[in-house]
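Accompanying notes for the structure given below.
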Amino acid sequence: MDPALPPTAWHAVEADTALVELGSDPKRGLASLEVERRLAVHGPNALTATHRTTPWDVLWRQFVDPLVFLLAVAAGISFLVGHAGDAYTILAIVVLNALLGFSQEWKAERALDALRQMLAPRCRVIRDGLPREVEAATLVPGDVVRLELGDRIPADLRLLDGSDFGVDESPLTGESEAVDKASPPVAETTEMHARTPMAWMGTTVVRGRGQGLVVGTGMHTAFGSVAEMAQALGPETTPLQRKLARLGRRIGLYAIVVSVLVAVAGIAMGRDLIEMFFTGVSLAVAVVPEGLPAVVTVTLALGVRTMVRRRVLLRRLAAAETLGATTVICTDKTGTLTRGEMTVQRIWTLEAHFEATGTGYDPSGHLEHEGARVDLSRQPALGDLLESALLCNHARIEHDETGWHLRGEPTEGALVVAAMKAWLDCPAHHAEGELPFDSMRKRMTLVEHHDGRRIAHVKGAPEVVLARCTRVRTATGTHDLDDATRGQVEAAYRELAGSGLRVLAIARRELGDEVLDEEHIECDLTLLGLAGLIDPPRREVPAAVDAARAAGIDVVVITGDAPETAQAVCRQVGLETERVVTGPDLETMDDAALRDVLAHPVVFARTTPRHKLRIVTLLQERGEIVGMTGDGVNDAPALKKADVGIAMGIRGTDASTGAADRVLTDDNFATIIGGVEEGRRQYDNIRKFVRYLLSSNTGEVIAILASILLGGPLILLPVQILWTNLVTDGLSAVALGLEPAHRRIMQRPPRPPHEALVDRRGWAAILAVGTYVGAATLVLFYVVAGAEADHARTLAFTGLVVVEKCNVFNFRSLTQPMRVVGFFSNPFLLLAVGLSLGMQLLAVYAPPLQSLLHTVPLSAQDWLAILALALPVFLLGEWIKRRRARYQTPGSSL
C-alpha cells in the first residue's frame with residue numbers, strides 16, 4: 001500500500017495508523033517482493049542532486065568569456081589575411097589560458113569531493129521478519145529501520161518506539177542542541193523542529209535507540225525538499241565576471257569602430273586598399289589586450305593557492321575576488337561563530353560558584369573558584385554533583401591522533417568533560433535501572449548500586465527537578481530546602497539562563513531496599529546544584545567581528561537555534577543586536593516590514609530554509625553583495641542564491657558544499673574575514689594590471705593611428721604588437737597581480753557593488769598615459785630613427801616596450817608614491833621587468849627572433865634615446881601621486 005498522506009502530516013498520526021497506511025508491521029517489516037515493487041514505484045532512496053560538475057563543465061567555463069571570444073576572432077582574421085603565425089600564437093594563448101584555469105578549478109572540485117559527507121550508505125531494517133543490513137538506497141516507504149547511538153538516519157522516519165532517544169538535527173534545522181524524540185503524535189501545524197515523532201534523513205542519533213517507519217525517501221524527504229529548492233536557483237555569476245564581460249564587450253566595440261574608421265579614412269586619403277586592410281587588422285590586434293584573460297587567470301589561480309593556505313577552498317577562480325566585495329555576511333551560529341561543542345561554563349552550588357576553563361571536548365582545562373584551582377577533596381558538594389552528572393550519563397569522550405571526540409549527546413558529553421577537568425574518575429557501580437529523558441518528563445534518572453547503597457541520580461530542567469527536591473547539599477551535609485533557599489536556587493537559575501547558558505539541575509536520592517515506582521523514585525530529592533552549559537564562541541571570532549566592522553561589513557546572524565542562545569552568543573562575540581526576530585515573526589512580515597528590520601542590527605532565530613533565502617534575496621535587492629555561510633542542507637538554497645556562498649568543510653553536508661563556491665576547511669568565521677582581505681587584494685591588483693594593460697594598448701593604438709594620419713607607413717607590425725601584449729606586458733601584469741595588500745586594506749569600506757572595473761577617472765588616466773606612450777613611440781620612429789624602415793620600426797617597437805616597463809611601476813599603487821609602497825616590496829615585479837627587457841634584447845639581437853619579429857640591431861645612441869623618453873613617464877606619475885597623497889583619506893588608497 002502506498003502512502004495516503006503528504007510527508008508533512010506523518011507526525012500528526014498515531015504510529016499504528018502509519019503502519020496500517022503503509023501496509024507494514026513493526027515485527028515483520030515488509031516482504032522482499034513488496035520492497036522490489038515499491039522500489040520500482042518510488043525509485044531509489046537517493047537525492048537527485050544538482051548536476052555534478054564534470055571535467056567538461058569546468059573546461060567549457062574557461063571559454064565562456066567575451067575576451068576569449070575576441071581573441072578567437074582576432075586569430076580567425078589573422079588566418080584570413082595570411083598571418084598564420086600570429087593566429088597560432090593567439091590560439092596558443094587561448095588554449096594555455098583554458099588549461100591553467102581548468103587545472104586549478106578541477107583540482108578544487110576533487111578536493112571538495114574529499115570533503116563531502118555522504119548520507120548513511122547502509123542501515124539495519126526488518127524484512128521478512130528478520131533483521132538485515134541493507135544499502136540505504138534500497139529503502140522504501142513502509143520499511144522498518146532500527147536505530148542506535150551514532151547512526152545517520154537514512155530516510156524520513158515516523159518513530160515507532162524509542163528509549164531516551166535524541167537526535168542531532170543541526171544539519172537540517174540549525175538547532176545546536178539534541179532534540180528529544182518520542183512516538184506520540186503532535187499537532188499537524190507543529191513547526192518542524194518540534195515534530196518529536198519524526199526522525200529526518202541526514203540527521204544523527206546521539207542518544208538512545210529506537211525503531212522507525214520509513215515514510216519518505218530520496219527527494220520526498222525534508223532533506224530532499226530543501227535540495228530541490230536549491231536546484232531551482234540558477235547559477236550566479238560573480239561581480240568580477242560581470243565586470244570583465246562588460247569590459248570585453250566595450251573593448252570589442254572599440255576595436256571594430258577604430259579599425260573600420262581608420263581603414264575607411266586611409267582609403268579615402270588614397271592609401272592602398274590592401275595596406276589599409278592590414279592596418280585595420282593591426283589596430284584590432286592593438287586594441288585587444290591579448291594577455292588579459294591569461295593574466296586574470298594566472299592571478300586568480302595564484303590567489304587560490306593563497307586562499308588554501310588561509311583555509312578557504314575555492315571551486316571557481318573568480319570566487320575569491322567576490323569574497324572581497326562582500327558588504328553583508330549572513331552567518332550561521334553553530335560551529336561557525338561557536339565551536340559546535342557544548343561546554344560546562346559555570347557550576348552553582350548553594351555555598352560556592354565555580355568556573356570551568358577550557359572549551360570543547362578537550363579535558364585539559366580545570367575548575368576554579370574565585371580564580372583559584374579547585375581541590376575536589378575540599379568541595380564535597382561539587383564532588384557529589386560531578387559524580388551524579390557522570391553516572392547519569394551515556395556519553396563517552398574518546399581520544400585519537402586527531403584529538404578528543406564525543407560519542408553521544410553533546411550536553412552529556414559536556415558533563416563528562418567537566419568531571420574529567422576535576423580529575424574525577426567514574427566510580428565502580430552497577431546500574432539497576434533507568435528512567436529516560438524525554439520532552440514530556442524533561443529529566444533523566446539512573447538508579448545504581450554503589451558501596452552497598454542504592455542511589456538515584458537525576459538531571460534535568462531546573463524547574464522540573466527543583467519541584468521534586470526537599471533537601472539541598474552543602475559542605476556540611478544535607479539540609480532542608482526551605483522557601484528562602486528555594487528562592488536562592490531560582491535566582492541562580494534565572495541569572496545563568498539570562499547569560500545565555502543552558503541550565504541543568506542535578507540531584508540525587510539514596511533509596512532503601514524497597515521497590516519504588518517511577519513517581520516515588522524521583523521525589524524527596526537532594527539538590528546538588530546547577531550546571532550552566534553553552535556552545536562557546538570560537539576564541540578568534542570577536543577579533544574577526546571587529547575586523548569586519550572596521551572593514552565596513554555588516555554581520556547578520558541567521559540560525560535555527562533558540563532566540564535566547566543566539567542573542568547570548570552575539571553579545572559574547574561583540575555583535576550588537578537591537579532585536580531578535582524568529583521564524584514565526586518572519587511569517588507575519590511582508591517584504592517592506594522585513595526591509596525595515598534589516599536596516600537595523602538584528603539576529604534571526606528559529607529560521608527555516610525559506611526564511612534564509614528570503615533574507616538573502618531582500619539584501620541583494622537592496623544592492624548588497626551578500627555572503628552566506630552554512631553547513632546544513634537547510635542552508636543550501638541561501639548559499640546558492642548568495643553572491644558569496646561559503647560552506648563548512650568539516651560539518652558541511654553534501655547539499656551545502658555543492659551549493660557553495662567557497663568551502664572553509666576549518667569551519668571558522670575568522671577564516672572568512674581573512675578571505676575577505678585576500679579577495680580585496682586580488683581585486684585591487686586586477687584593477688591595477690587591467691589599467692596597465694589598457695594604457696599600453698592605448699599607446700599602441702595612438703601610435704598606429706597618428707602614423708596613418710601623418711601619411712606614414714605602418715609603425716608596428718601585428719606580430720610585434722602580439723609580442724608586446726603577450727610576452728613583455730603579460731609578465732609584468734602577472735607580477736602586478738602578486739602585489740601585497742595595502743596595510744590598511746581592511747580599514748576601508750567595501751567598494752560600491754556597481755563600481756566599474758575602470759571608472760571615468762581610470763579611463764582618463766589610461767588615455768593620458770597612453771598618449772604619452774604613443775607620442776614617445778612616434779618620436780622614436782619619426783625623429784630619432786633614420787630613413788631605413790626596419791631600423792625605425794625596431795626603434796619604435798623597442799622604445800614602446802621600455803616605456804611600458806617604466807610605466808608598470810606607476811601601477812603598483814594607483815595613489816601612493818614609490819617611497820610609501822617600497823621599491824623592493826614586490827620582488828616578482830622586478831624579476832618580471834628584468835625578464836621582459838631580457839626577452840626584448842633577444843628580440844633585437846637574436847637572429848631567429850629578428851627574422852620572426854622583423855627587427856634589426858640597435859646602437860648605443862638608440863638605447864640612450866629610448867631611456868631618455870622612457871624615464872619621464874615614471875617620474876611624472878610619481879610627481880602626480882605625491883601631490884595627491886597630501887589629500888588622500890587614510891585607508892582609501894590602493
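Letters A, B, ... mark the chains of the C-alpha cells in the order given; residue numbers begin at 1 per chain; ligand numbers begin at 1, in order shown.
Residues within 6 Å of region 194-205 of chain A, counting only C-alpha atoms and excluding same-chain residues fewer than 4 positions away, are His11, Leu119, Leu149, Gly150, Asp151, Arg152, Ile153, Pro154, Ala155, Asp156, Leu157, Arg158, Leu159, Val167, Asp168, Glu169, Lys181, Ala182 and Ser183 of chain A.
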Using N, CA and C atoms, can you export the residues from the last selection as an mmCIF file, in the first residue's frame?
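Saved result, result-v1.cif, follows:
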data_model
loop_
_atom_site.group_PDB
_atom_site.id
_atom_site.type_symbol
_atom_site.label_atom_id
_atom_site.label_comp_id
_atom_site.auth_asym_id
_atom_site.auth_seq_id
_atom_site.Cartn_x
_atom_site.Cartn_y
_atom_site.Cartn_z
ATOM 1 N N HIS A 11 3.690 13.198 11.208
ATOM 2 C CA HIS A 11 3.892 13.450 12.632
ATOM 3 C C HIS A 11 2.580 13.598 13.388
ATOM 4 N N LEU A 119 25.449 10.676 2.888
ATOM 5 C CA LEU A 119 24.445 10.147 3.788
ATOM 6 C C LEU A 119 24.727 8.682 4.067
ATOM 7 N N LEU A 149 22.753 4.509 18.802
ATOM 8 C CA LEU A 149 23.637 5.649 19.020
ATOM 9 C C LEU A 149 24.671 5.749 17.903
ATOM 10 N N GLY A 150 24.785 6.930 17.311
ATOM 11 C CA GLY A 150 25.779 7.183 16.270
ATOM 12 C C GLY A 150 25.291 6.950 14.862
ATOM 13 N N ASP A 151 24.098 6.380 14.683
ATOM 14 C CA ASP A 151 23.595 6.103 13.342
ATOM 15 C C ASP A 151 23.186 7.388 12.635
ATOM 16 N N ARG A 152 23.512 7.487 11.344
ATOM 17 C CA ARG A 152 22.977 8.548 10.489
ATOM 18 C C ARG A 152 21.622 8.068 9.967
ATOM 19 N N ILE A 153 20.598 8.837 10.177
ATOM 20 C CA ILE A 153 19.241 8.410 9.810
ATOM 21 C C ILE A 153 19.116 8.412 8.289
ATOM 22 N N PRO A 154 18.725 7.262 7.685
ATOM 23 C CA PRO A 154 18.848 7.093 6.232
ATOM 24 C C PRO A 154 17.660 7.589 5.417
ATOM 25 N N ALA A 155 16.524 7.902 6.069
ATOM 26 C CA ALA A 155 15.335 8.361 5.359
ATOM 27 C C ALA A 155 14.463 9.095 6.375
ATOM 28 N N ASP A 156 13.385 9.713 5.927
ATOM 29 C CA ASP A 156 12.441 10.295 6.873
ATOM 30 C C ASP A 156 11.663 9.173 7.546
ATOM 31 N N LEU A 157 11.687 9.158 8.880
ATOM 32 C CA LEU A 157 11.091 8.057 9.640
ATOM 33 C C LEU A 157 10.004 8.583 10.571
ATOM 34 N N ARG A 158 8.925 7.809 10.700
ATOM 35 C CA ARG A 158 7.932 8.015 11.767
ATOM 36 C C ARG A 158 8.305 7.039 12.875
ATOM 37 N N LEU A 159 8.707 7.600 14.047
ATOM 38 C CA LEU A 159 9.185 6.741 15.126
ATOM 39 C C LEU A 159 8.076 5.839 15.636
ATOM 40 N N VAL A 167 18.253 13.202 18.877
ATOM 41 C CA VAL A 167 18.782 13.322 17.521
ATOM 42 C C VAL A 167 19.407 14.701 17.338
ATOM 43 N N ASP A 168 20.563 14.728 16.675
ATOM 44 C CA ASP A 168 21.195 15.991 16.295
ATOM 45 C C ASP A 168 20.627 16.409 14.949
ATOM 46 N N GLU A 169 19.790 17.460 14.956
ATOM 47 C CA GLU A 169 19.141 17.928 13.735
ATOM 48 C C GLU A 169 19.790 19.179 13.162
ATOM 49 N N LYS A 181 13.164 12.904 21.075
ATOM 50 C CA LYS A 181 12.170 12.302 20.210
ATOM 51 C C LYS A 181 11.294 11.333 20.999
ATOM 52 N N ALA A 182 10.043 11.226 20.593
ATOM 53 C CA ALA A 182 9.101 10.309 21.231
ATOM 54 C C ALA A 182 8.046 9.930 20.210
ATOM 55 N N SER A 183 7.399 8.806 20.436
ATOM 56 C CA SER A 183 6.451 8.267 19.469
ATOM 57 C C SER A 183 5.108 8.968 19.407
#
For this session: Give me every strand (DSSP E) residue in region 346-592 of chain A, going by DSSP on the backbone, as a PyMOL selection string.
Result: chain A and resi 346-348+353-356+367-369+372-373+396-400+403-407+430-435+443-450+453-460+469-474+477-480+502-511+525-534+554-558+579-582
Problem set entry | Of the listed residues A:Leu172, A:Ala268, A:Val802, A:Leu415, that which approaches Ala636 (chain A) most closely, counting only C-alpha atoms |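 The closest residue to Ala636 (chain A) is A:Leu172.
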Exercise. Could you pull the residues within 10 Å of region 420-425 of chain A, counting only C-alpha atoms, minus those fewer than 4 positions along the same chain, as a list in words?
Worked result: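 Contacts, with the query itself left out: Ala356, Thr357, Gly358, Asp362, Pro363, Ser364, Gly365, His366, Leu367, Glu368, Arg373, Val374, Asp375, Leu376, Leu382, Gly383, Leu386, Glu387, Leu390, Ile397, Ala414, Leu415 and Val416 of chain A.
Taking only C-alpha atoms, the non-local environment of Leu853 (chain A) within 10 Å (same-chain residues fewer than 6 positions away omitted) comprises Leu717, Pro718, Val719, Gln720, Ile721, Leu722, Trp723, Thr794, Phe797, Ala843, Val844 and Pro847 of chain A.
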Exercise. Which neighbours of Glu341 (chain A) fall inside 7 Å, counting only C-alpha atoms, when residues of the same chain fewer than 6 positions from it are skipped, and could you give them as an MDAnalysis selection string?
Worked result: chainID A and resid 360:361 410 535
For this session: For each of A:Thr338, A:Ala756, A:Leu664, A:Arg614, take the minimum atom-to-atom distance to Glu587 (chain A), counting only C-alpha atoms, then give the residue where this is smallest.
Result: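 Nearest to Glu587 (chain A): A:Arg614.
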Quick one: DSSP helix (DSSP H, G or I) residues in region 562-683 of chain A, as a CSV table (one decimal) with N, CA, C and O atoms, in the first residue's frame?
chain,number,residue,atom,x,y,z
A,563,PRO,N,16.1,31.7,20.3
A,563,PRO,CA,16.4,33.2,20.3
A,563,PRO,C,17.4,33.6,21.4
A,563,PRO,O,18.3,34.4,21.2
A,564,GLU,N,17.2,33.0,22.7
A,564,GLU,CA,18.0,33.4,23.8
A,564,GLU,C,19.5,33.0,23.6
A,564,GLU,O,20.4,33.8,23.9
A,565,THR,N,19.6,31.8,23.1
A,565,THR,CA,21.0,31.3,22.8
A,565,THR,C,21.7,32.2,21.7
A,565,THR,O,22.8,32.6,21.9
A,566,ALA,N,20.9,32.5,20.7
A,566,ALA,CA,21.5,33.3,19.6
A,566,ALA,C,21.9,34.6,20.0
A,566,ALA,O,23.0,35.1,19.7
A,567,GLN,N,21.1,35.3,20.8
A,567,GLN,CA,21.4,36.6,21.3
A,567,GLN,C,22.6,36.6,22.3
A,567,GLN,O,23.4,37.5,22.3
A,568,ALA,N,22.7,35.6,23.1
A,568,ALA,CA,23.8,35.5,24.1
A,568,ALA,C,25.1,35.3,23.3
A,568,ALA,O,26.1,36.0,23.7
A,569,VAL,N,25.1,34.5,22.3
A,569,VAL,CA,26.4,34.3,21.5
A,569,VAL,C,26.7,35.6,20.8
A,569,VAL,O,27.9,36.0,20.8
A,570,CYS,N,25.7,36.3,20.3
A,570,CYS,CA,26.0,37.6,19.7
A,570,CYS,C,26.7,38.6,20.6
A,570,CYS,O,27.6,39.3,20.3
A,571,ARG,N,26.2,38.6,21.9
A,571,ARG,CA,26.8,39.5,22.9
A,571,ARG,C,28.2,39.1,23.1
A,571,ARG,O,29.1,40.0,23.3
A,572,GLN,N,28.5,37.8,23.2
A,572,GLN,CA,29.8,37.3,23.6
A,572,GLN,C,30.9,37.6,22.5
A,572,GLN,O,32.0,37.8,22.8
A,573,VAL,N,30.4,37.6,21.2
A,573,VAL,CA,31.4,37.9,20.2
A,573,VAL,C,31.4,39.3,19.7
A,573,VAL,O,32.2,39.7,18.8
A,583,GLY,N,11.5,32.8,13.3
A,583,GLY,CA,10.8,32.3,12.1
A,583,GLY,C,9.3,32.7,12.1
A,583,GLY,O,8.8,33.2,11.1
A,584,PRO,N,8.6,32.4,13.2
A,584,PRO,CA,7.2,32.8,13.2
A,584,PRO,C,7.0,34.3,13.0
A,584,PRO,O,6.0,34.7,12.3
A,585,ASP,N,7.9,35.1,13.5
A,585,ASP,CA,7.8,36.5,13.3
A,585,ASP,C,7.9,36.9,11.8
A,585,ASP,O,7.1,37.7,11.2
A,586,LEU,N,8.8,36.2,11.1
A,586,LEU,CA,9.0,36.4,9.7
A,586,LEU,C,7.8,36.0,8.9
A,586,LEU,O,7.5,36.7,7.8
A,587,GLU,N,7.1,35.0,9.3
A,587,GLU,CA,5.9,34.6,8.6
A,587,GLU,C,4.8,35.7,8.5
A,587,GLU,O,4.0,35.7,7.6
A,588,THR,N,4.8,36.5,9.6
A,588,THR,CA,3.8,37.6,9.6
A,588,THR,C,4.2,38.9,9.0
A,588,THR,O,3.5,39.8,8.9
A,591,ASP,N,7.4,42.0,2.8
A,591,ASP,CA,8.8,42.4,2.5
A,591,ASP,C,9.2,43.8,2.9
A,591,ASP,O,10.3,44.1,3.3
A,592,ALA,N,8.2,44.7,2.9
A,592,ALA,CA,8.5,46.1,3.4
A,592,ALA,C,8.9,46.1,4.8
A,592,ALA,O,9.9,46.8,5.3
A,593,ALA,N,8.2,45.3,5.7
A,593,ALA,CA,8.5,45.3,7.1
A,593,ALA,C,9.8,44.6,7.3
A,593,ALA,O,10.6,45.1,8.2
A,594,LEU,N,10.1,43.6,6.6
A,594,LEU,CA,11.4,42.9,6.7
A,594,LEU,C,12.6,43.8,6.3
A,594,LEU,O,13.7,43.8,6.9
A,595,ARG,N,12.4,44.6,5.2
A,595,ARG,CA,13.4,45.5,4.8
A,595,ARG,C,13.7,46.5,5.9
A,595,ARG,O,14.9,46.9,6.2
A,596,ASP,N,12.7,47.0,6.6
A,596,ASP,CA,12.9,47.9,7.7
A,596,ASP,C,13.7,47.2,8.8
A,596,ASP,O,14.5,47.9,9.5
A,597,VAL,N,13.4,46.0,9.1
A,597,VAL,CA,14.1,45.2,10.2
A,597,VAL,C,15.6,45.1,9.8
A,597,VAL,O,16.5,45.3,10.6
A,598,LEU,N,15.8,44.8,8.5
A,598,LEU,CA,17.2,44.6,8.0
A,598,LEU,C,18.0,45.9,8.1
A,598,LEU,O,19.3,45.9,8.0
A,609,PRO,N,14.8,27.1,5.9
A,609,PRO,CA,15.5,27.4,4.6
A,609,PRO,C,14.8,28.6,3.8
A,609,PRO,O,15.5,29.4,3.2
A,610,ARG,N,13.5,28.6,3.8
A,610,ARG,CA,12.8,29.6,3.0
A,610,ARG,C,13.1,31.0,3.6
A,610,ARG,O,13.2,32.0,2.9
A,611,HIS,N,13.1,31.1,5.0
A,611,HIS,CA,13.4,32.3,5.6
A,611,HIS,C,14.8,32.8,5.2
A,611,HIS,O,14.9,34.0,4.9
A,612,LYS,N,15.8,32.0,5.3
A,612,LYS,CA,17.1,32.4,4.9
A,612,LYS,C,17.2,32.9,3.5
A,612,LYS,O,17.9,33.9,3.2
A,613,LEU,N,16.6,32.1,2.6
A,613,LEU,CA,16.6,32.5,1.2
A,613,LEU,C,15.9,33.9,1.0
A,613,LEU,O,16.4,34.7,0.2
A,614,ARG,N,14.8,34.1,1.7
A,614,ARG,CA,14.1,35.4,1.6
A,614,ARG,C,15.0,36.6,2.1
A,614,ARG,O,15.1,37.6,1.5
A,615,ILE,N,15.7,36.4,3.2
A,615,ILE,CA,16.5,37.4,3.8
A,615,ILE,C,17.7,37.7,2.8
A,615,ILE,O,17.9,38.9,2.5
A,616,VAL,N,18.3,36.7,2.3
A,616,VAL,CA,19.4,37.0,1.3
A,616,VAL,C,18.9,37.7,0.1
A,616,VAL,O,19.5,38.7,-0.4
A,617,THR,N,17.7,37.3,-0.4
A,617,THR,CA,17.1,37.9,-1.6
A,617,THR,C,16.8,39.4,-1.4
A,617,THR,O,17.2,40.3,-2.2
A,618,LEU,N,16.3,39.7,-0.2
A,618,LEU,CA,15.9,41.1,0.1
A,618,LEU,C,17.2,42.0,0.2
A,618,LEU,O,17.2,43.2,-0.2
A,619,LEU,N,18.2,41.4,0.8
A,619,LEU,CA,19.5,42.1,0.9
A,619,LEU,C,20.1,42.4,-0.4
A,619,LEU,O,20.6,43.5,-0.7
A,620,GLN,N,20.0,41.4,-1.3
A,620,GLN,CA,20.5,41.6,-2.7
A,620,GLN,C,19.7,42.7,-3.4
A,620,GLN,O,20.3,43.5,-4.2
A,621,GLU,N,18.4,42.7,-3.2
A,621,GLU,CA,17.6,43.7,-3.9
A,621,GLU,C,17.9,45.1,-3.4
A,621,GLU,O,17.7,46.1,-4.1
A,633,VAL,N,21.9,21.1,5.1
A,633,VAL,CA,21.0,21.1,3.9
A,633,VAL,C,20.1,22.3,4.0
A,633,VAL,O,19.7,22.8,3.0
A,634,ASN,N,19.7,22.7,5.2
A,634,ASN,CA,18.8,23.9,5.3
A,634,ASN,C,19.4,25.2,4.8
A,634,ASN,O,18.7,26.1,4.6
A,635,ASP,N,20.7,25.2,4.7
A,635,ASP,CA,21.4,26.4,4.2
A,635,ASP,C,21.6,26.4,2.7
A,635,ASP,O,22.0,27.4,2.1
A,636,ALA,N,21.4,25.3,2.0
A,636,ALA,CA,21.8,25.1,0.6
A,636,ALA,C,21.1,26.2,-0.3
A,636,ALA,O,21.8,26.8,-1.2
A,637,PRO,N,19.8,26.4,-0.2
A,637,PRO,CA,19.2,27.4,-1.2
A,637,PRO,C,19.8,28.8,-1.0
A,637,PRO,O,20.1,29.5,-2.0
A,638,ALA,N,20.0,29.2,0.3
A,638,ALA,CA,20.5,30.6,0.5
A,638,ALA,C,22.0,30.6,0.1
A,638,ALA,O,22.4,31.7,-0.4
A,639,LEU,N,22.7,29.5,0.3
A,639,LEU,CA,24.1,29.5,-0.2
A,639,LEU,C,24.2,29.7,-1.7
A,639,LEU,O,25.1,30.4,-2.2
A,640,LYS,N,23.3,29.1,-2.4
A,640,LYS,CA,23.4,29.2,-3.9
A,640,LYS,C,22.9,30.5,-4.3
A,640,LYS,O,23.4,31.1,-5.3
A,641,LYS,N,21.9,31.1,-3.6
A,641,LYS,CA,21.4,32.4,-4.1
A,641,LYS,C,22.4,33.5,-3.7
A,641,LYS,O,22.5,34.5,-4.5
A,654,ASP,N,26.6,17.3,2.0
A,654,ASP,CA,26.8,17.3,0.6
A,654,ASP,C,26.0,18.4,-0.1
A,654,ASP,O,26.5,19.0,-1.1
A,655,ALA,N,24.8,18.7,0.4
A,655,ALA,CA,24.0,19.7,-0.2
A,655,ALA,C,24.6,21.1,-0.1
A,655,ALA,O,24.6,21.9,-1.0
A,656,SER,N,25.2,21.4,1.1
A,656,SER,CA,25.7,22.8,1.3
A,656,SER,C,27.0,23.0,0.6
A,656,SER,O,27.2,24.0,0.0
A,657,THR,N,27.9,22.0,0.6
A,657,THR,CA,29.2,22.1,-0.1
A,657,THR,C,28.9,22.2,-1.6
A,657,THR,O,29.7,22.8,-2.4
A,658,GLY,N,27.9,21.5,-2.1
A,658,GLY,CA,27.6,21.5,-3.5
A,658,GLY,C,27.0,22.8,-4.0
A,658,GLY,O,27.1,23.2,-5.1
A,659,ALA,N,26.4,23.6,-3.1
A,659,ALA,CA,25.7,24.8,-3.4
A,659,ALA,C,26.7,26.0,-3.3
A,659,ALA,O,26.3,27.1,-3.8
A,669,PHE,N,34.6,31.3,11.4
A,669,PHE,CA,34.2,32.6,10.9
A,669,PHE,C,35.4,33.5,10.7
A,669,PHE,O,35.4,34.3,9.7
A,670,ALA,N,36.4,33.4,11.5
A,670,ALA,CA,37.6,34.3,11.4
A,670,ALA,C,38.3,34.0,10.0
A,670,ALA,O,38.9,34.9,9.4
A,671,THR,N,38.2,32.8,9.5
A,671,THR,CA,38.7,32.5,8.2
A,671,THR,C,38.0,33.3,7.1
A,671,THR,O,38.7,33.6,6.1
A,672,ILE,N,36.8,33.5,7.3
A,672,ILE,CA,36.0,34.3,6.3
A,672,ILE,C,36.6,35.7,6.1
A,672,ILE,O,36.8,36.2,5.0
A,673,ILE,N,36.9,36.3,7.3
A,673,ILE,CA,37.5,37.7,7.3
A,673,ILE,C,38.8,37.7,6.6
A,673,ILE,O,39.2,38.6,5.9
A,674,GLY,N,39.6,36.6,6.9
A,674,GLY,CA,40.9,36.5,6.2
A,674,GLY,C,40.7,36.4,4.7
A,674,GLY,O,41.5,36.9,3.9
A,675,GLY,N,39.7,35.7,4.3
A,675,GLY,CA,39.3,35.5,2.9
A,675,GLY,C,38.9,36.8,2.3
A,675,GLY,O,39.2,37.1,1.1
A,676,VAL,N,38.2,37.7,3.0
A,676,VAL,CA,37.8,39.0,2.5
A,676,VAL,C,39.0,39.8,2.2
A,676,VAL,O,39.1,40.5,1.2
A,677,GLU,N,40.0,39.8,3.1
A,677,GLU,CA,41.2,40.5,2.9
A,677,GLU,C,41.9,40.1,1.6
A,677,GLU,O,42.4,40.9,0.8
A,678,GLU,N,42.0,38.8,1.4
A,678,GLU,CA,42.7,38.3,0.2
A,678,GLU,C,41.9,38.6,-1.0
A,678,GLU,O,42.4,39.0,-2.1
A,679,GLY,N,40.5,38.6,-0.9
A,679,GLY,CA,39.7,38.9,-2.1
A,679,GLY,C,39.9,40.4,-2.4
A,679,GLY,O,39.9,40.7,-3.6
A,680,ARG,N,40.0,41.3,-1.4
A,680,ARG,CA,40.2,42.7,-1.7
A,680,ARG,C,41.6,42.9,-2.4
A,680,ARG,O,41.7,43.7,-3.3
A,681,ARG,N,42.6,42.2,-1.9
A,681,ARG,CA,43.9,42.3,-2.5
A,681,ARG,C,43.9,41.9,-4.0
A,681,ARG,O,44.4,42.6,-4.8
A,682,GLN,N,43.2,40.8,-4.3
A,682,GLN,CA,43.1,40.3,-5.6
A,682,GLN,C,42.4,41.4,-6.5
A,682,GLN,O,42.8,41.6,-7.6
A,683,TYR,N,41.3,41.9,-6.1
A,683,TYR,CA,40.5,42.9,-6.9
A,683,TYR,C,41.4,44.1,-7.1
A,683,TYR,O,41.4,44.7,-8.2
